[in-house]
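*Asks:* For reference, the file final_12.txt (compact mmCIF, C-alpha atoms) is included below:
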```txt
# COMPACT_ATOMS: atom_id res chain seq x y z
CA MET V 1 -10.37 -20.91 0.63
CA LEU V 2 -7.91 -18.05 0.97
CA ARG V 3 -5.25 -17.97 -1.76
CA VAL V 4 -1.93 -16.18 -1.28
CA LEU V 5 0.54 -15.35 -4.04
CA ILE V 6 4.19 -15.15 -2.96
CA CYS V 7 6.57 -13.27 -5.24
CA SER V 8 10.07 -14.39 -4.30
CA GLU V 9 13.12 -16.12 -5.73
CA ARG V 10 13.23 -18.30 -2.59
CA ASP V 11 10.80 -20.73 -1.02
CA LEU V 12 9.50 -18.81 1.99
CA ARG V 13 7.07 -21.47 3.17
CA PRO V 14 9.35 -22.69 6.00
CA GLU V 15 9.59 -19.13 7.37
CA LEU V 16 5.83 -18.64 7.04
CA ALA V 17 4.98 -22.00 8.62
CA PRO V 18 4.59 -20.57 12.19
CA THR V 19 2.16 -17.90 10.96
CA LEU V 20 -1.56 -17.99 10.29
CA ILE V 21 -0.74 -18.62 6.63
CA GLY V 22 1.14 -21.82 7.37
CA ARG V 23 -1.00 -23.15 10.21
CA GLN V 24 -4.41 -22.92 8.55
CA GLY V 25 -3.61 -24.63 5.28
CA ILE V 26 -4.02 -21.52 3.16
CA GLU V 27 -3.23 -22.14 -0.51
CA MET V 28 0.11 -20.59 -1.44
CA TYR V 29 1.54 -20.08 -4.92
CA ARG V 30 5.09 -18.85 -5.58
CA VAL V 31 6.24 -17.01 -8.70
CA GLU V 32 9.52 -15.43 -9.76
CA LYS V 33 8.36 -13.41 -12.77
CA PHE V 34 5.72 -10.75 -13.30
CA ALA V 35 4.17 -12.66 -16.20
CA ASP V 36 3.56 -15.60 -13.86
CA ALA V 37 2.13 -13.29 -11.18
CA ARG V 38 -0.29 -11.88 -13.73
CA LEU V 39 -1.33 -15.37 -14.86
CA VAL V 40 -1.85 -16.72 -11.33
CA GLY V 41 -3.64 -13.55 -10.25
CA SER V 42 -6.11 -13.73 -13.11
CA SER V 43 -6.71 -17.49 -13.19
CA LEU V 44 -6.76 -18.40 -9.50
CA GLY V 45 -8.20 -15.27 -7.93
CA VAL V 46 -5.65 -14.75 -5.16
CA GLN V 47 -6.74 -12.40 -2.37
CA VAL V 48 -3.32 -11.45 -0.97
CA ILE V 49 0.05 -10.92 -2.63
CA LEU V 50 3.27 -11.12 -0.60
CA VAL V 51 6.38 -9.61 -2.19
CA ASP V 52 9.86 -10.42 -0.88
CA ALA V 53 11.69 -7.14 -0.25
CA GLN V 54 14.83 -8.82 -1.65
CA PHE V 55 13.03 -9.48 -4.93
CA PRO V 56 14.94 -7.71 -7.75
CA ASP V 57 13.57 -4.18 -8.13
CA ALA V 58 10.69 -4.91 -5.74
CA ALA V 59 9.26 -1.37 -5.98
CA ALA V 60 8.92 -1.57 -9.76
CA PHE V 61 7.36 -5.03 -9.40
CA ILE V 62 4.73 -3.68 -6.99
CA LYS V 63 3.96 -0.78 -9.33
CA LYS V 64 3.33 -3.29 -12.13
CA LEU V 65 1.01 -5.26 -9.85
CA ARG V 66 -0.97 -2.08 -9.15
CA LYS V 67 -1.33 -1.35 -12.87
CA GLU V 68 -2.32 -4.88 -13.90
CA PRO V 69 -6.14 -5.36 -13.93
CA ALA V 70 -5.87 -8.87 -12.46
CA THR V 71 -3.88 -7.77 -9.41
CA ARG V 72 -4.34 -4.01 -8.96
CA ASN V 73 -7.11 -4.37 -6.35
CA ARG V 74 -5.46 -7.09 -4.26
CA SER V 75 -3.97 -6.52 -0.81
CA ILE V 76 -0.19 -6.39 -1.19
CA ALA V 77 2.28 -6.85 1.67
CA VAL V 78 6.07 -6.78 1.70
CA LEU V 79 8.11 -9.46 3.50
CA THR V 80 11.36 -8.07 4.87
CA ARG V 81 14.01 -8.80 7.47
CA GLY V 82 16.00 -6.80 9.99
CA SER V 83 15.36 -3.26 11.18
CA MET V 84 13.19 -0.75 9.36
CA GLN V 85 14.87 0.81 6.33
CA SER V 86 14.01 3.90 4.30
CA SER V 87 13.54 1.59 1.32
CA ASP V 88 10.53 0.08 3.10
CA LEU V 89 8.72 3.40 2.76
CA GLU V 90 9.51 3.38 -0.96
CA LEU V 91 7.74 0.02 -1.25
CA LEU V 92 4.69 1.42 0.53
CA ALA V 93 4.74 4.40 -1.81
CA ALA V 94 4.88 1.99 -4.75
CA GLY V 95 1.54 0.52 -3.68
CA ALA V 96 2.08 -1.98 -0.85
CA ASN V 97 -0.46 -1.99 1.97
CA ALA V 98 1.79 -3.20 4.78
CA ILE V 99 5.23 -4.41 5.85
CA PHE V 100 5.65 -7.83 7.53
CA ARG V 101 8.92 -8.86 9.13
CA LEU V 102 10.54 -12.27 9.15
CA PRO V 103 10.97 -14.14 11.35
CA PRO V 104 7.38 -13.43 12.47
CA ASP V 105 6.80 -11.80 15.87
CA ALA V 106 3.88 -12.21 18.29
CA GLY V 107 1.72 -9.65 16.49
CA TRP V 108 2.23 -11.03 12.97
CA ASP V 109 -1.06 -12.94 12.75
CA GLU V 110 -3.10 -10.02 14.07
CA ARG V 111 -1.64 -7.67 11.46
CA PHE V 112 -2.29 -10.24 8.74
CA GLN V 113 -5.94 -10.45 9.82
CA LYS V 114 -6.15 -6.66 9.48
CA LEU V 115 -4.64 -6.92 6.01
CA LEU V 116 -7.43 -9.31 5.04
CA SER V 117 -9.98 -6.72 6.13
CA VAL V 118 -8.55 -4.04 3.82
CA PRO V 119 -11.35 -3.30 1.31
CA VAL V 120 -10.68 -4.24 -2.28
CA ARG V 121 -9.15 -1.13 -3.76
CA GLN V 122 -11.26 0.23 -6.55
CA GLN V 123 -9.56 3.63 -6.56
CA ALA V 124 -6.55 4.30 -8.75
CA ARG V 125 -3.57 5.62 -6.83
CA MET V 126 -0.99 7.87 -8.45
CA LEU V 127 2.60 8.19 -7.25
CA VAL V 128 3.45 11.81 -6.46
CA HIS V 129 5.66 13.87 -4.19
CA ILE V 130 3.64 16.85 -3.03
CA GLU V 131 4.41 19.07 -0.06
CA VAL V 132 1.39 19.15 2.26
CA ALA V 133 0.59 21.88 4.79
CA THR V 134 -1.34 20.52 7.77
CA GLU V 135 -3.16 21.76 10.84
CA PRO V 136 -1.97 20.79 13.44
CA GLU V 137 1.21 21.94 11.70
CA CYS V 138 3.81 19.35 10.75
CA ALA V 139 6.25 18.87 7.88
CA ALA V 140 4.63 16.39 5.52
CA ALA V 141 4.51 15.19 1.92
CA ALA V 142 2.03 13.07 -0.04
CA LEU V 143 3.73 10.08 -1.70
CA ASN V 144 0.65 8.85 -3.52
CA ILE V 145 -2.87 10.08 -3.95
CA SER V 146 -6.25 8.68 -4.96
CA SER V 147 -9.76 10.07 -5.07
CA GLY V 148 -10.27 8.77 -1.53
CA GLY V 149 -7.04 9.64 0.24
CA MET V 150 -3.25 9.85 0.25
CA LEU V 151 -0.15 8.26 1.73
CA LEU V 152 1.33 10.96 3.94
CA ALA V 153 5.00 10.88 4.96
CA THR V 154 5.88 12.80 8.12
CA HIS V 155 8.12 12.45 11.18
CA HIS V 156 5.31 13.93 13.29
CA ALA V 157 3.64 11.44 15.66
CA LEU V 158 0.20 10.63 14.24
CA HIS V 159 -2.18 7.88 15.29
CA VAL V 160 -5.04 5.99 13.67
CA SER V 161 -8.30 8.04 13.89
CA ASP V 162 -6.43 11.37 14.24
CA GLU V 163 -8.01 14.09 12.11
CA LEU V 164 -6.21 16.97 10.45
CA ASN V 165 -6.85 19.83 8.05
CA PHE V 166 -4.60 19.99 5.01
CA ARG V 167 -3.88 21.90 1.85
CA PHE V 168 -1.62 21.16 -1.11
CA ASN V 169 -1.08 22.11 -4.72
CA LEU V 170 -1.48 19.39 -7.33
CA PRO V 171 1.27 19.11 -9.96
CA ASP V 172 -1.04 21.05 -12.29
CA THR V 173 -0.94 23.88 -9.65
CA ARG V 174 -4.58 23.59 -8.53
CA LEU V 175 -5.01 24.10 -4.79
CA VAL V 176 -6.79 21.41 -2.77
CA ARG V 177 -8.03 22.02 0.78
CA GLY V 178 -9.79 19.56 3.01
CA ARG V 179 -9.93 17.46 6.15
CA GLY V 180 -8.69 13.91 6.56
CA ARG V 181 -8.50 11.06 9.05
CA VAL V 182 -5.55 8.72 9.65
CA ALA V 183 -6.84 5.30 8.58
CA ARG V 184 -3.66 3.26 8.91
CA GLU V 185 -0.01 3.49 9.91
CA ALA V 186 2.65 2.66 7.34
CA PRO V 187 5.93 2.50 9.33
CA PRO V 188 8.36 4.04 9.71
CA THR V 189 7.03 7.49 8.76
CA GLY V 190 4.00 6.88 6.56
CA PHE V 191 0.29 7.23 7.29
CA GLY V 192 -2.68 6.39 5.11
CA VAL V 193 -5.03 9.39 5.31
CA GLU V 194 -8.59 9.12 4.02
CA PHE V 195 -10.32 12.24 2.79
CA ILE V 196 -13.27 13.24 4.98
CA ASP V 197 -14.06 16.38 3.03
CA LEU V 198 -12.54 18.29 0.12
CA GLU V 199 -13.53 21.93 -0.11
CA GLY V 200 -15.07 23.51 -3.19
CA GLU V 201 -13.90 21.87 -6.40
CA GLY V 202 -11.18 19.90 -4.64
CA LYS V 203 -12.62 16.47 -5.45
CA ASP V 204 -13.08 17.37 -9.12
CA ALA V 205 -9.49 18.69 -9.23
CA VAL V 206 -8.10 15.44 -7.79
CA LEU V 207 -10.16 13.29 -10.17
CA SER V 208 -9.13 15.42 -13.14
CA PHE V 209 -5.46 15.13 -12.16
CA LEU V 210 -5.70 11.33 -11.79
CA ARG V 211 -7.36 10.98 -15.19
CA SER V 212 -4.81 13.17 -16.96
CA ALA V 213 -1.88 11.49 -15.22
CA ARG V 214 -3.05 8.01 -16.26
CA MET V 215 -3.56 9.15 -19.85
CA GLY V 216 -0.13 10.76 -19.88
```
In structure tokens, write the structure found in this file.

*Replies:*
Amino acid sequence: MLRVLICSERDLRPELAPTLIGRQGIEMYRVEKFADARLVGSSLGVQVILVDAQFPDAAAFIKKLRKEPATRNRSIAVLTRGSMQSSDLELLAAGANAIFRLPPDAGWDERFQKLLSVPVRQQARMLVHIEVATEPECAAAALNISSGGMLLATHHALHVSDELNFRFNLPDTRLVRGRGRVAREAPPTGFGVEFIDLEGEGKDAVLSFLRSARMG
């Protein structure tokens, strides 16, 4: 049985009723505090966490979820309303996997199914803001980075499966060069890029940076 944790100050079940979540009798649990999210996540083994974008300081809440052992590897989606806002990208940078709009549209269920197929994340992701040079050339910045990829922000039109060469300097000044593939879109201007290859000592440099950043 699929279990979904909803982090919201309001009961969103009526709005979710027309979706796959409401129609298939998926178990839903709602919490309003991080301590409760941690307890439910550890005791009930939820697979998906939905965070209301209107939740107080939603970005900080998502960051806590990504640091907590019981919830860090879960798929996290943001529930929001209205047109796309720049704050939505901040929530993706904080660690969310996807944005879902309410009321749900025709493609809502399909996107939710894709969210369920996101592999459990074993890799630690670190929030950064690093300018990235790419080929084909486009203005871009990495908003978070892990040993397996990065969240790339750019106004350039990219598509899933596109490949690109890149280079960037880590905050500790070490240069990383490699090639990546767009694995997912994170609207409005974000793209999840998986590393295909990191040249030379690039992988060791990224791992070393992640270790030192977590310890710091």

*Asks:* In Å, with one decimal, what is the gap from CA of Asp162 in chain V to CA of Arg177 in chain V?

*Replies:* 17.2 Å

*Asks:* Find the residues near Ala59 in chain V: any atom within 7 Å, counting only C-alpha atoms, skip ones fewer than 3 places away on the same chain, and give them as JSON, numbers by chain.

*Replies:* {"V": [62, 63, 90, 91, 94]}

*Asks:* Between V:Gln113, V:Asn97, V:Ser87, V:Thr19, which residue has the minimum interatomic distance to Gln54 in chain V, considering all atoms listed in the file?

*Replies:*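 Smallest distance to Gln54 in chain V is found for V:Ser87.
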
*Asks:* So which residues touch Ala93 in chain V within 8 Å, counting all atoms listed in the file, skipping near sequence neighbours fewer than 6 positions away, as a PyMOL selection string?

*Replies:* chain V and resi 127+143-144+151

*Asks:* What is the CA of Ala77 in chain V-CA of Val48 in chain V distance in Å, reported with one decimal?

*Replies:*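 Pair CA of Ala77 in chain V / CA of Val48 in chain V returns 7.7 Å.
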